[in-house]
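Read through the structure below, which is laid out as structure tokens, and then see the notes.
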Amino acid sequence: MRDALSVALTVSVYGVAFGAASVAAGFSVVQSCLFSLLTFTGASQFAAVGVVASGGAGISAIAAAAMLGTRNALYGIQMAPLLKVKGLKRVAAAQITIDESTGVALAQAPRGTDAMRLGFWLTGTGVFIFWNVFTFIGAYGAKSLGNPASWGLDAAVPAAFLGLVWPRLETMYLRLVAASAVAFVLLVTPWMPAGLPIIASALVAVGFGWRER
Amino acid sequence: MLWVVLIATSALCFAIKLVGHSVPERWLANARLQRINALIPIALLSALVIAEGLVTKNHVVVDHRLAGLAAALAALFAKAPFPVVVIAAAVTSALVYHLH
């Protein structure tokens, strides 16, 4: 219960941050809300509006979002044999297959498959509702606030990315990957069109992941 | 352009999710693919921190946003919960922006 509350609170703040970031990037309130309803995978949404905000090409925004979304396919592969759903229910399950729902489902493993399924559906739908409601609040709020820099919104977005990556940096090796990506972007930024360094940083992941450690 | 980004991003992200639910497990079992895939969020999210916090167009720029990022980093080191991290960054950045 405490976990659910903390997940809900975190999702709410992320949702507000996304709505605000999306409006600051030039998307309308309606477009921001459609992002959260249809794309519904936080890091990808932030990346898409982030690339647009930095003046990147549309194709760069789409590619960065898609690359960040690929992990959801791996989650789906783990969840499909557990859920065993068909048709419309499978479409719904696919849409709510994200970090949180998969994470909670896997954490319920010691309590059996029923608990895992329940964890997946409850977390997925719960996050879906919170994420969309708070995207609207963030987008609508940002629209009435005006200049994003005046409210610190332009710093809240990179801080949100920092908050997303921070818990993943569990080992020295993973910190090295992150540091390399940082160095890479600083190095190539003057030479590449805006937005492209973000996608090109996937090369850092390819370089590190190519060989077994 | 914005509508294209919105629709293409949504369609692709949903297709990726649906593929995961539809393909046989062995299709994505390639060890190299899995290693790279596990590292992609770390590389891209780290890149986004810099691209959003230290870059304007294609120049590396130090401004109020860096003060905000420093505050976020301090909050993370202090094991602050996520909302505190983002709010610390926003407040610090806004302060520096107005003092300037």
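A note on labels: chains of the structure tokens are A, B, ... as shown, every chain counts residues from 1, and ligands are counted from 1 in their shown order.
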
Please list as an MDAnalysis selection string every residue within 6 Å of range 65-75 of chain B, counting only C-alpha atoms and excluding residues in the same chain fewer than 6 positions away. (chainID A and resid 155 159) or (chainID B and resid 53 85 88:89 92:93)

Would you kindly report the residues of chain B within 7 Å of chain A, using only C-alpha atoms, as a ChimeraX atom specification? /B:1-2,5-6,8-10,12-14,16-21,25,32,35-37,39-50,52-53,56-60,65,68-69,72,82-83,86,89-91,93-94,97

Work out how far CA of Val127 in chain A is from CA of Thr171 in chain A, in Å to one decimal.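 Between these atoms lies a distance of 28.2 Å.
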
Can you tell me how far CA of Ala109 in chain A sits from CA of Leu122 in chain A, in Å to one decimal?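 Rounded to one decimal, the two atoms are 15.2 Å apart.
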
Residue list (alpha helix (DSSP H), DSSP) for range 67-110 of chain A, as JSON, numbers by chain: {"A": [67, 68, 69, 70, 71, 72, 73, 74, 75, 76, 77, 78, 79, 80, 81, 82, 83, 87, 88, 89, 90, 91, 92, 93, 94, 95, 99, 100, 101, 102, 103, 104, 105, 106, 107]}

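Here CA of Thr135 in chain A is placed at a distance of 22.4 Å from CA of Val104 in chain A.
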